[in-house]
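Novice: Next comes the structure file coords.tsv, holding TSV, C-alpha atoms.
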```tsv
chain	number	residue	atom	x	y	z
A	1	MET	CA	15.19	2.97	20.87
A	2	ASN	CA	16.37	2.08	17.36
A	3	THR	CA	14.39	-1.17	17.21
A	4	ILE	CA	10.91	-0.50	15.84
A	5	HIS	CA	8.46	-3.37	15.64
A	6	VAL	CA	5.32	-3.85	13.56
A	7	SER	CA	2.82	-5.02	16.16
A	8	GLY	CA	-0.47	-4.85	14.26
A	9	LEU	CA	-1.84	-5.03	10.72
A	10	GLY	CA	-5.10	-4.11	9.00
A	11	ALA	CA	-6.34	-4.42	5.42
A	12	VAL	CA	-9.45	-3.44	3.47
A	13	THR	CA	-9.19	-4.53	-0.16
A	14	PRO	CA	-11.35	-5.73	-3.07
A	15	ILE	CA	-10.05	-9.27	-2.37
A	16	GLY	CA	-10.66	-9.25	1.38
A	17	LEU	CA	-11.92	-6.96	4.14
A	18	ASP	CA	-9.40	-8.16	6.70
A	19	VAL	CA	-5.83	-9.37	6.80
A	20	ASP	CA	-6.58	-13.09	6.77
A	21	HIS	CA	-8.91	-12.96	3.77
A	22	PHE	CA	-6.54	-10.65	1.92
A	23	TRP	CA	-3.61	-13.01	2.52
A	24	GLN	CA	-5.46	-16.14	1.48
A	25	ALA	CA	-6.71	-14.45	-1.70
A	26	LEU	CA	-3.15	-13.38	-2.50
A	27	LEU	CA	-1.85	-16.92	-2.07
A	28	GLN	CA	-4.54	-18.36	-4.35
A	29	ARG	CA	-4.34	-15.49	-6.89
A	30	GLN	CA	-8.05	-14.69	-6.36
A	31	ALA	CA	-8.51	-11.32	-8.01
A	32	ASN	CA	-11.68	-9.22	-8.15
A	33	PHE	CA	-11.43	-7.18	-11.35
A	34	SER	CA	-14.37	-5.93	-13.37
A	35	GLY	CA	-14.96	-3.79	-16.44
A	36	GLN	CA	-16.01	-0.23	-15.67
A	37	ASP	CA	-18.67	1.93	-17.28
A	38	PRO	CA	-17.45	5.04	-19.12
A	39	VAL	CA	-16.98	8.11	-16.95
A	40	TYR	CA	-17.76	10.52	-19.76
A	41	PRO	CA	-19.14	10.29	-23.33
A	42	GLY	CA	-16.61	8.93	-25.79
A	43	MET	CA	-14.67	6.89	-23.23
A	44	LYS	CA	-14.39	3.21	-24.10
A	45	PRO	CA	-16.26	0.86	-21.75
A	46	GLY	CA	-14.92	-2.26	-20.11
A	47	PHE	CA	-11.52	-1.12	-18.86
A	48	MET	CA	-10.58	-3.06	-15.73
A	49	ALA	CA	-10.50	-1.91	-12.11
A	50	ALA	CA	-10.73	-3.58	-8.69
A	51	ARG	CA	-13.59	-2.17	-6.63
A	52	ILE	CA	-15.11	-2.79	-3.20
A	53	ASP	CA	-18.71	-3.59	-4.06
A	54	ASP	CA	-21.80	-2.20	-2.35
A	55	ALA	CA	-22.41	-5.32	-0.25
A	56	HIS	CA	-18.90	-5.26	1.20
A	57	LYS	CA	-19.06	-1.51	1.66
A	58	ALA	CA	-22.24	-2.05	3.70
A	59	LEU	CA	-20.32	-4.43	5.97
A	60	LEU	CA	-17.66	-1.76	6.52
A	61	LYS	CA	-20.36	0.73	7.43
A	62	GLN	CA	-21.89	-1.73	9.91
A	63	ARG	CA	-18.62	-2.04	11.80
A	64	ALA	CA	-17.65	1.64	11.62
A	65	PRO	CA	-16.79	3.13	15.03
A	66	GLN	CA	-19.44	5.37	16.53
A	67	ILE	CA	-17.21	8.42	16.72
A	68	THR	CA	-16.78	8.61	12.94
A	69	GLY	CA	-19.96	6.81	11.98
A	70	PRO	CA	-20.87	4.93	8.81
A	71	ASP	CA	-21.44	7.94	6.57
A	72	VAL	CA	-17.89	9.21	6.16
A	73	PRO	CA	-16.61	9.29	2.56
A	74	ASP	CA	-15.04	6.13	1.22
A	75	SER	CA	-11.35	6.97	1.70
A	76	SER	CA	-12.00	7.59	5.41
A	77	LEU	CA	-14.26	4.53	5.64
A	78	TYR	CA	-11.49	2.27	4.31
A	79	ALA	CA	-8.68	3.90	6.29
A	80	VAL	CA	-10.55	3.94	9.59
A	81	ASP	CA	-11.54	0.27	9.31
A	82	ALA	CA	-8.00	-0.83	8.45
A	83	ALA	CA	-6.56	1.26	11.29
A	84	MET	CA	-9.05	-0.21	13.77
A	85	GLN	CA	-8.08	-3.70	12.65
A	86	ALA	CA	-4.42	-2.85	13.16
A	87	ILE	CA	-4.76	-1.49	16.71
A	88	ASN	CA	-6.93	-4.45	17.71
A	89	ASP	CA	-4.31	-6.79	16.26
A	90	ALA	CA	-1.66	-4.98	18.30
A	91	GLY	CA	-3.67	-5.46	21.50
A	92	LEU	CA	-4.29	-1.73	21.92
A	93	PRO	CA	-7.81	-0.67	23.02
A	94	VAL	CA	-9.17	2.58	21.62
A	95	GLY	CA	-7.87	5.55	23.60
A	96	CYS	CA	-5.44	3.50	25.71
A	97	ALA	CA	-2.27	5.08	27.04
A	98	ALA	CA	-0.21	3.86	24.07
A	99	LEU	CA	-2.62	5.43	21.59
A	100	ARG	CA	-3.46	8.66	23.40
A	101	ASN	CA	-0.50	10.52	21.91
A	102	ALA	CA	0.19	8.18	19.00
A	103	LEU	CA	1.40	9.57	15.71
A	104	VAL	CA	-1.05	9.03	12.83
A	105	CYS	CA	0.37	9.09	9.28
A	106	VAL	CA	-1.88	8.53	6.27
A	107	GLY	CA	-0.85	8.22	2.63
A	108	ASN	CA	-3.51	9.37	0.18
A	109	ASN	CA	-3.80	10.18	-3.49
A	110	GLU	CA	-7.05	12.07	-4.11
A	111	ALA	CA	-8.52	13.14	-0.75
A	112	GLU	CA	-12.17	12.08	-0.31
A	113	ALA	CA	-12.49	11.22	-4.00
A	114	ASP	CA	-16.07	9.97	-4.01
A	115	ILE	CA	-17.61	13.21	-2.74
A	116	LEU	CA	-15.82	15.14	-5.49
A	117	ASP	CA	-17.12	12.70	-8.11
A	118	LEU	CA	-20.66	13.06	-6.80
A	119	SER	CA	-20.41	16.84	-6.73
A	120	VAL	CA	-19.22	16.97	-10.34
A	121	GLU	CA	-22.25	14.88	-11.25
A	122	GLY	CA	-24.61	17.33	-9.53
A	123	ASN	CA	-25.08	15.65	-6.14
A	124	ASP	CA	-23.72	18.07	-3.52
A	125	GLU	CA	-25.12	16.45	-0.37
A	126	ALA	CA	-21.98	14.53	0.60
A	127	TRP	CA	-19.86	17.54	-0.40
A	128	ARG	CA	-21.81	19.79	1.99
A	129	ASN	CA	-21.69	17.29	4.86
A	130	ASN	CA	-17.99	16.40	4.65
A	131	THR	CA	-14.62	18.00	4.08
A	132	TYR	CA	-12.86	17.46	0.75
A	133	SER	CA	-9.40	17.24	2.26
A	134	SER	CA	-6.88	14.49	2.71
A	135	HIS	CA	-6.30	15.72	6.25
A	136	ALA	CA	-9.89	14.74	7.00
A	137	ILE	CA	-8.82	11.11	6.54
A	138	ALA	CA	-5.95	11.43	9.02
A	139	ARG	CA	-8.24	13.25	11.45
A	140	ASN	CA	-10.89	10.54	11.19
A	141	VAL	CA	-8.32	7.81	11.85
A	142	ALA	CA	-6.98	9.71	14.87
A	143	ARG	CA	-10.50	10.17	16.26
A	144	ALA	CA	-11.34	6.51	15.71
A	145	ILE	CA	-8.29	5.17	17.56
A	146	GLY	CA	-8.45	7.78	20.32
A	147	SER	CA	-5.26	9.67	19.50
A	148	GLN	CA	-4.70	13.34	20.27
A	149	GLY	CA	-1.17	13.23	18.88
A	150	PRO	CA	0.07	14.51	15.52
A	151	ALA	CA	-2.12	13.47	12.57
A	152	LEU	CA	-0.52	13.96	9.17
A	153	CYS	CA	-1.31	13.14	5.54
A	154	PHE	CA	1.34	12.42	2.90
A	155	HIS	CA	0.94	13.16	-0.80
A	156	ASN	CA	3.85	11.56	-2.67
A	157	THR	CA	1.69	9.93	-5.34
A	158	CYS	CA	1.98	6.13	-5.29
A	159	ALA	CA	5.02	6.28	-3.00
A	160	SER	CA	3.01	8.07	-0.28
A	161	THR	CA	2.71	5.39	2.37
A	162	ASN	CA	6.36	4.38	2.27
A	163	VAL	CA	7.17	8.08	2.74
A	164	ALA	CA	4.74	8.09	5.69
A	165	LEU	CA	6.59	5.06	7.11
A	166	GLU	CA	9.87	6.93	6.69
A	167	PHE	CA	8.60	9.90	8.69
A	168	ALA	CA	7.11	7.67	11.40
A	169	LEU	CA	10.35	5.71	11.74
A	170	ARG	CA	12.28	8.93	12.32
A	171	MET	CA	9.77	10.10	14.93
A	172	LEU	CA	9.90	6.78	16.77
A	173	ARG	CA	13.68	6.55	16.75
A	174	SER	CA	14.02	10.13	17.95
A	175	GLY	CA	11.85	9.33	20.96
A	176	ALA	CA	9.22	11.91	19.97
A	177	VAL	CA	6.54	9.19	20.02
A	178	ASP	CA	6.33	5.61	21.28
A	179	THR	CA	3.57	4.41	18.91
A	180	ALA	CA	2.65	5.27	15.34
A	181	VAL	CA	-0.38	4.15	13.33
A	182	VAL	CA	0.63	4.38	9.68
A	183	GLY	CA	-1.12	3.44	6.47
A	184	GLY	CA	-3.17	4.62	3.55
A	185	GLY	CA	-6.71	5.02	2.33
A	186	ASP	CA	-7.83	5.60	-1.25
A	187	ALA	CA	-11.28	5.42	-2.78
A	188	PHE	CA	-11.78	4.83	-6.49
A	189	SER	CA	-11.62	8.25	-8.17
A	190	LYS	CA	-13.30	8.99	-11.50
A	191	LYS	CA	-10.98	11.98	-11.81
A	192	VAL	CA	-7.88	9.78	-11.45
A	193	TRP	CA	-9.45	7.11	-13.67
A	194	SER	CA	-9.99	9.70	-16.41
A	195	GLY	CA	-6.39	10.87	-16.09
A	196	PHE	CA	-4.99	7.38	-16.57
A	197	TYR	CA	-7.37	6.85	-19.48
A	198	THR	CA	-5.99	10.00	-21.12
A	199	LEU	CA	-2.48	8.59	-20.68
A	200	ASN	CA	-3.56	5.34	-22.40
A	201	ALA	CA	-2.56	3.48	-19.25
A	202	LEU	CA	-5.80	1.50	-18.71
A	203	GLY	CA	-6.73	-1.77	-20.36
A	204	GLU	CA	-9.45	-4.34	-20.91
A	205	GLN	CA	-7.29	-7.02	-19.26
A	206	PRO	CA	-5.96	-7.02	-15.67
A	207	CYS	CA	-2.39	-5.85	-15.24
A	208	LYS	CA	0.28	-8.50	-15.77
A	209	PRO	CA	3.48	-7.49	-13.98
A	210	PHE	CA	6.70	-8.54	-15.71
A	211	SER	CA	4.83	-10.45	-18.41
A	212	ARG	CA	5.66	-9.89	-22.08
A	213	ASP	CA	1.89	-9.43	-22.48
A	214	ARG	CA	1.76	-6.52	-20.05
A	215	ARG	CA	0.63	-3.06	-21.03
A	216	SER	CA	-1.71	-1.37	-18.55
A	217	ILE	CA	-2.30	-0.76	-14.86
A	218	THR	CA	-5.40	-1.88	-12.98
A	219	ILE	CA	-6.60	0.75	-10.51
A	220	SER	CA	-7.87	-0.46	-7.15
A	221	GLU	CA	-9.11	0.99	-3.87
A	222	GLY	CA	-9.02	0.27	-0.15
A	223	GLY	CA	-7.02	0.84	3.01
A	224	ALA	CA	-4.09	-0.75	4.82
A	225	PHE	CA	-2.45	0.11	8.16
A	226	LEU	CA	0.40	-0.92	10.42
A	227	VAL	CA	1.02	-0.22	14.09
A	228	LEU	CA	4.66	0.67	14.73
A	229	GLN	CA	6.04	0.62	18.27
A	230	ARG	CA	9.36	0.81	20.02
A	231	ALA	CA	10.29	-2.69	21.10
A	232	ASP	CA	9.79	-1.96	24.82
A	233	ALA	CA	6.20	-0.80	24.19
A	234	VAL	CA	4.93	-3.84	22.26
A	235	VAL	CA	2.27	-5.97	24.00
A	236	ALA	CA	1.40	-8.32	21.11
A	237	THR	CA	3.69	-10.70	19.26
A	238	PRO	CA	5.29	-8.51	16.57
A	239	TYR	CA	5.22	-9.40	12.91
A	240	ALA	CA	8.51	-7.85	11.90
A	241	GLU	CA	10.97	-5.07	12.53
A	242	LEU	CA	10.84	-1.97	10.33
A	243	LEU	CA	14.54	-1.69	9.63
A	244	ALA	CA	14.84	1.20	7.18
A	245	VAL	CA	12.90	3.41	4.78
A	246	ALA	CA	14.37	5.75	2.17
A	247	SER	CA	12.91	8.09	-0.41
A	248	ASN	CA	14.14	10.40	-3.15
A	249	ASN	CA	12.88	12.14	-6.26
A	250	ASP	CA	14.06	11.64	-9.84
A	251	ALA	CA	13.17	15.20	-10.93
A	252	ALA	CA	13.45	13.79	-14.46
A	253	HIS	CA	10.00	13.15	-15.94
A	254	PRO	CA	6.41	13.70	-14.77
A	255	THR	CA	5.30	10.11	-15.37
A	256	ASN	CA	8.16	7.84	-16.46
A	257	PRO	CA	10.52	6.34	-13.85
A	258	ASP	CA	14.19	7.24	-14.11
A	259	LEU	CA	16.54	4.28	-13.78
A	260	THR	CA	19.33	6.30	-12.17
A	261	GLY	CA	17.00	7.87	-9.61
A	262	VAL	CA	15.29	4.62	-8.71
A	263	ALA	CA	18.65	2.85	-8.37
A	264	ALA	CA	19.86	5.64	-6.08
A	265	CYS	CA	16.85	5.08	-3.82
A	266	HIS	CA	17.71	1.38	-3.62
A	267	GLN	CA	21.28	2.22	-2.64
A	268	ARG	CA	20.12	4.70	-0.03
A	269	VAL	CA	17.79	2.27	1.74
A	270	LEU	CA	20.46	-0.46	1.80
A	271	GLU	CA	22.93	1.97	3.36
A	272	GLN	CA	20.41	3.03	5.98
A	273	ALA	CA	19.65	-0.60	6.80
A	274	GLY	CA	23.35	-1.49	6.97
A	275	LEU	CA	22.81	-4.25	4.43
A	276	GLN	CA	24.25	-5.49	1.18
A	277	ALA	CA	21.93	-6.19	-1.74
A	278	SER	CA	22.73	-9.89	-1.33
A	279	ASP	CA	21.12	-9.79	2.14
A	280	ILE	CA	17.68	-9.08	0.68
A	281	CYS	CA	15.76	-12.35	0.52
A	282	ALA	CA	12.64	-11.16	-1.27
A	283	ILE	CA	11.23	-8.06	-2.91
A	284	TYR	CA	7.66	-6.88	-3.20
A	285	ALA	CA	8.04	-5.07	-6.50
A	286	HIS	CA	6.03	-1.97	-7.32
A	287	GLY	CA	5.10	-4.06	-10.37
A	288	THR	CA	2.42	-1.95	-12.02
A	289	GLY	CA	2.38	-4.00	-15.22
A	290	THR	CA	3.34	-1.03	-17.38
A	291	LYS	CA	6.19	-1.20	-19.88
A	292	ALA	CA	8.22	1.57	-18.24
A	293	ASN	CA	7.94	0.52	-14.58
A	294	ASP	CA	8.60	-3.18	-15.09
A	295	LEU	CA	11.60	-2.57	-17.34
A	296	THR	CA	13.15	-0.23	-14.76
A	297	GLU	CA	12.57	-2.57	-11.84
A	298	SER	CA	13.66	-5.74	-13.60
A	299	THR	CA	16.87	-4.04	-14.75
A	300	ILE	CA	17.72	-3.17	-11.14
A	301	PHE	CA	16.77	-6.65	-9.92
A	302	ASN	CA	19.10	-8.22	-12.47
A	303	ARG	CA	21.99	-5.88	-11.74
A	304	THR	CA	21.70	-5.68	-7.97
A	305	TYR	CA	19.48	-8.38	-6.43
A	306	ALA	CA	20.37	-11.55	-8.33
A	307	SER	CA	19.69	-13.76	-5.29
A	308	ALA	CA	16.32	-12.24	-4.27
A	309	ALA	CA	12.92	-13.71	-5.05
A	310	VAL	CA	10.43	-11.23	-6.47
A	311	THR	CA	6.66	-10.99	-6.27
A	312	ALA	CA	4.24	-8.38	-7.62
A	313	ILE	CA	0.81	-8.40	-5.99
A	314	LYS	CA	-0.89	-5.72	-8.13
A	315	GLY	CA	-1.87	-8.45	-10.57
A	316	THR	CA	-4.14	-9.77	-7.79
A	317	VAL	CA	-5.16	-6.86	-5.56
A	318	GLY	CA	-4.74	-4.10	-8.16
A	319	HIS	CA	-2.98	-0.76	-7.81
A	320	MET	CA	-4.28	0.93	-4.66
A	321	MET	CA	-2.66	4.26	-5.59
A	322	ALA	CA	-1.12	5.98	-2.55
A	323	THR	CA	-2.11	2.96	-0.45
A	324	ALA	CA	0.04	0.65	-2.61
A	325	GLY	CA	3.05	0.92	-0.30
A	326	ALA	CA	0.85	0.19	2.71
A	327	ILE	CA	-0.65	-3.01	1.32
A	328	GLY	CA	2.84	-4.04	0.20
A	329	ALA	CA	4.11	-3.43	3.73
A	330	VAL	CA	1.29	-5.52	5.21
A	331	ALA	CA	2.11	-8.35	2.80
A	332	SER	CA	5.84	-8.05	3.57
A	333	CYS	CA	5.17	-8.49	7.28
A	334	LEU	CA	2.90	-11.47	6.63
A	335	SER	CA	5.63	-13.04	4.50
A	336	LEU	CA	8.15	-12.66	7.31
A	337	ARG	CA	5.82	-14.15	9.91
A	338	ASN	CA	4.75	-17.05	7.68
A	339	GLN	CA	8.07	-17.48	5.83
A	340	TRP	CA	6.06	-17.57	2.63
A	341	LEU	CA	5.80	-15.54	-0.58
A	342	PRO	CA	2.53	-15.11	-2.50
A	343	PRO	CA	2.57	-15.46	-6.29
A	344	THR	CA	2.43	-12.95	-9.13
A	345	ARG	CA	-0.73	-13.51	-11.15
A	346	ILE	CA	0.69	-14.14	-14.63
A	347	ASP	CA	1.27	-17.11	-16.88
A	348	PRO	CA	4.77	-18.34	-15.89
A	349	ASP	CA	5.59	-18.92	-19.56
A	350	SER	CA	4.98	-15.24	-20.30
A	351	LEU	CA	7.69	-13.94	-17.93
A	352	GLU	CA	9.82	-11.56	-19.96
A	353	TYR	CA	12.81	-11.07	-17.66
A	354	GLU	CA	15.46	-13.23	-16.04
A	355	ILE	CA	14.27	-12.66	-12.49
A	356	ASP	CA	13.19	-15.12	-9.81
A	357	LEU	CA	9.50	-14.20	-10.00
A	358	VAL	CA	7.12	-16.23	-7.85
A	359	THR	CA	4.20	-17.30	-10.04
A	360	GLN	CA	2.87	-20.67	-8.84
A	361	PRO	CA	-0.59	-20.65	-7.16
A	362	GLY	CA	-0.20	-20.97	-3.43
A	363	GLY	CA	3.15	-19.22	-3.47
A	364	VAL	CA	6.40	-20.64	-2.18
A	365	SER	CA	8.05	-21.27	1.16
A	366	ARG	CA	11.29	-19.37	1.56
A	367	ALA	CA	13.69	-18.69	4.42
A	368	LEU	CA	13.11	-14.96	4.78
A	369	ARG	CA	15.09	-12.57	6.95
A	370	TYR	CA	14.94	-9.27	5.04
A	371	VAL	CA	12.05	-8.30	2.77
A	372	GLN	CA	12.01	-5.15	0.66
A	373	ASN	CA	8.84	-3.25	-0.30
A	374	ASN	CA	9.03	-0.94	-3.34
A	375	SER	CA	6.73	1.93	-4.25
A	376	PHE	CA	7.26	4.49	-7.00
A	377	GLY	CA	5.00	7.20	-8.35
A	378	PHE	CA	4.42	10.01	-10.78
A	379	GLY	CA	6.49	13.12	-10.32
A	380	GLY	CA	9.64	11.06	-9.78
A	381	ASN	CA	8.63	9.91	-6.28
A	382	ASN	CA	10.53	6.82	-5.09
A	383	ALA	CA	10.29	5.19	-1.65
A	384	ILE	CA	11.46	1.80	-0.39
A	385	SER	CA	11.03	0.09	2.98
A	386	ILE	CA	12.91	-2.91	4.38
A	387	PHE	CA	11.45	-5.23	7.02
A	388	LYS	CA	13.37	-7.74	9.12
A	389	ALA	CA	12.15	-11.02	10.61
A	390	ILE	CA	11.80	-11.12	14.37
A	391	GLU	CA	14.65	-13.08	15.92
A	392	GLN	CA	13.36	-16.28	17.51
```
Could you quickly redo this structure as structure tokens?
Specialist:
Amino acid sequence: MNTIHVSGLGAVTPIGLDVDHFWQALLQRQANFSGQDPVYPGMKPGFMAARIDDAHKALLKQRAPQITGPDVPDSSLYAVDAAMQAINDAGLPVGCAALRNALVCVGNNEAEADILDLSVEGNDEAWRNNTYSSHAIARNVARAIGSQGPALCFHNTCASTNVALEFALRMLRSGAVDTAVVGGGDAFSKKVWSGFYTLNALGEQPCKPFSRDRRSITISEGGAFLVLQRADAVVATPYAELLAVASNNDAAHPTNPDLTGVAACHQRVLEQAGLQASDICAIYAHGTGTKANDLTESTIFNRTYASAAVTAIKGTVGHMMATAGAIGAVASCLSLRNQWLPPTRIDPDSLEYEIDLVTQPGGVSRALRYVQNNSFGFGGNNAISIFKAIEQ
């Protein structure tokens, strides 16, 4: 009952609308960033974001399940598509016995952000026809996959999906459920964009994790999901085992990470996994490309994980907000299956810290047994997951 496998994956991102395209874009460092128009008068133009364009959004609408339809708001559109990919990958038909009472956990940052943005701009049609609630996203995912089990949404800022994984892992190990469909969905939010602009956290260049040239984050959007099952329930070849997830809260500063609190979260997840830091083969860093985050993480990597390779995918896919932990989890599982690490999209000569950061296009082959996935957020939220390779 303690062995929980990842049996399916799904991804909707600006660099690929499915897992294969996402993975290949990561390996080749194929980003999709563009300068954004000002949200309000006086805002500087041209600050970078990663968006799913109208043509790709139309494709998502074409393949939307009938029960939710193509006209749901964007956060639900992305989450539902990624969840459907994941259950198909796991060999689970909609409404099958394994999914009928499945737990659904969704990490989200700003509910159905696009209908709020439209309403503020004077277009209330989508607002009237939909529910501005993060729970609507979880409900839409549950309806799409045919689950009548618990459907929950988690708001722990950018750590949300790892916290959702933590809850799901507890439910699975307790025997309360046999299957969980866990992930995140976040649409680009002009409200959130304006907040980061006010904090001087946006930039005219894409984010550059762990580079001496770094300064800003690059906001992104999309969805990512995993199917978690007890080992005896899996019908497809699993990608990895979800070994442990831990979370805590710094309670120190509303925006800046606290080194002591983040380090404590690292120690907690290692204890839960029954591992030493030296056992961790690779780390998917939170890697936002901001001065504060990258200094905190690199300090811990140097002190604690001297033998681990590090990669930071936000320089390619962007920062998917509450979905960041989900896309990191998907990438972690792909790394374990392929025994390969994708690169961080920076100039190798600009690396500021003495860490083993993967930077070369195409990535690197590594013998990987344990991969760690970090996600940290405003409000002192920290959450870390550890995945284990499937024993051959």
Novice: Please identify all polymer residues lying at most 8 Å from the point (16.3, -1.6, 21.4) (file coordinates), using only C-alpha atoms, and present the result as a ChimeraX atom specification.
Specialist: /A:1-4,230-232
Novice: Go through A:Ala312, A:Ala246, A:Ala180, A:Ala151 and flag the residue nearest Ala285 of chain A, using only C-alpha atoms for the distances.
Specialist: A:Ala312
Novice: How many Å lie between atom CA of Asn130 of chain A and atom CA of Phe188 of chain A, rounded to one decimal?
Specialist: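 Distance reported for this atom pair: 17.2 Å.
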Novice: Could you name the residues that touch Gln28 of chain A at 7 Å or less, counting all atoms listed in the file, but leaving out those on the same chain fewer than 3 positions away, as a list in words?
Specialist: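 Contacts, in chain order: Gln24, Ala25, Pro361 and Gly362 of chain A.
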Novice: Find, counting only C-alpha atoms, the residue in A:Arg303, A:His319, A:Arg337, A:His5 that gets nearest to Gly289 of chain A.
Specialist: A:His319
Novice: Choose the residue, out of A:Ser211, A:Ser133, A:Ser7, A:Asn293, that has the smallest atom-to-atom separation from Ser350 of chain A; count only C-alpha atoms.
Specialist: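 The shortest atom-to-atom distance to Ser350 of chain A comes from A:Ser211.
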Novice: Can you list, as a ChimeraX atom specification, every protein, DNA or RNA residue that comes within 8 Å of Gly107 of chain A when you count all atoms listed in the file, leaving out same-chain residues fewer than 6 positions away?
Specialist: /A:153-156,160-161,164,183-185,322-323
Novice: Identify the residues within 6 Å of coordinate (-7.7, 2.4, -8.1) (same frame as the file), considering all atoms listed in the file, and give the answer as a ChimeraX atom specification.
Specialist: /A:188,219-221,319-321
Novice: A:Gln85, A:Ser375, A:Thr157, A:Gln360: which is nearest Asp20 of chain A, counting only C-alpha atoms?
Specialist: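 Under the stated criterion, the closest residue is A:Gln85.
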Novice: Which one is closest to Val120 of chain A: A:Trp23, A:Phe225, A:Tyr40, A:Tyr370? Count only C-alpha atoms.
Specialist: A:Tyr40
Novice: Leaving out Glu204 of chain A and any residue of its chain fewer than 4 positions from it, which residues lie within 8 Å of it when counting only C-alpha atoms, given as number ranges by chain?
Specialist: A: 35, 46-48
Novice: Would you please work out which residue, of A:Thr218, A:Asn200, A:Thr299, A:Gln339, is nearest to Ala324 of chain A when using only C-alpha atoms?
Specialist: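 Residue with the minimum atom-to-atom distance to Ala324 of chain A: A:Thr218.
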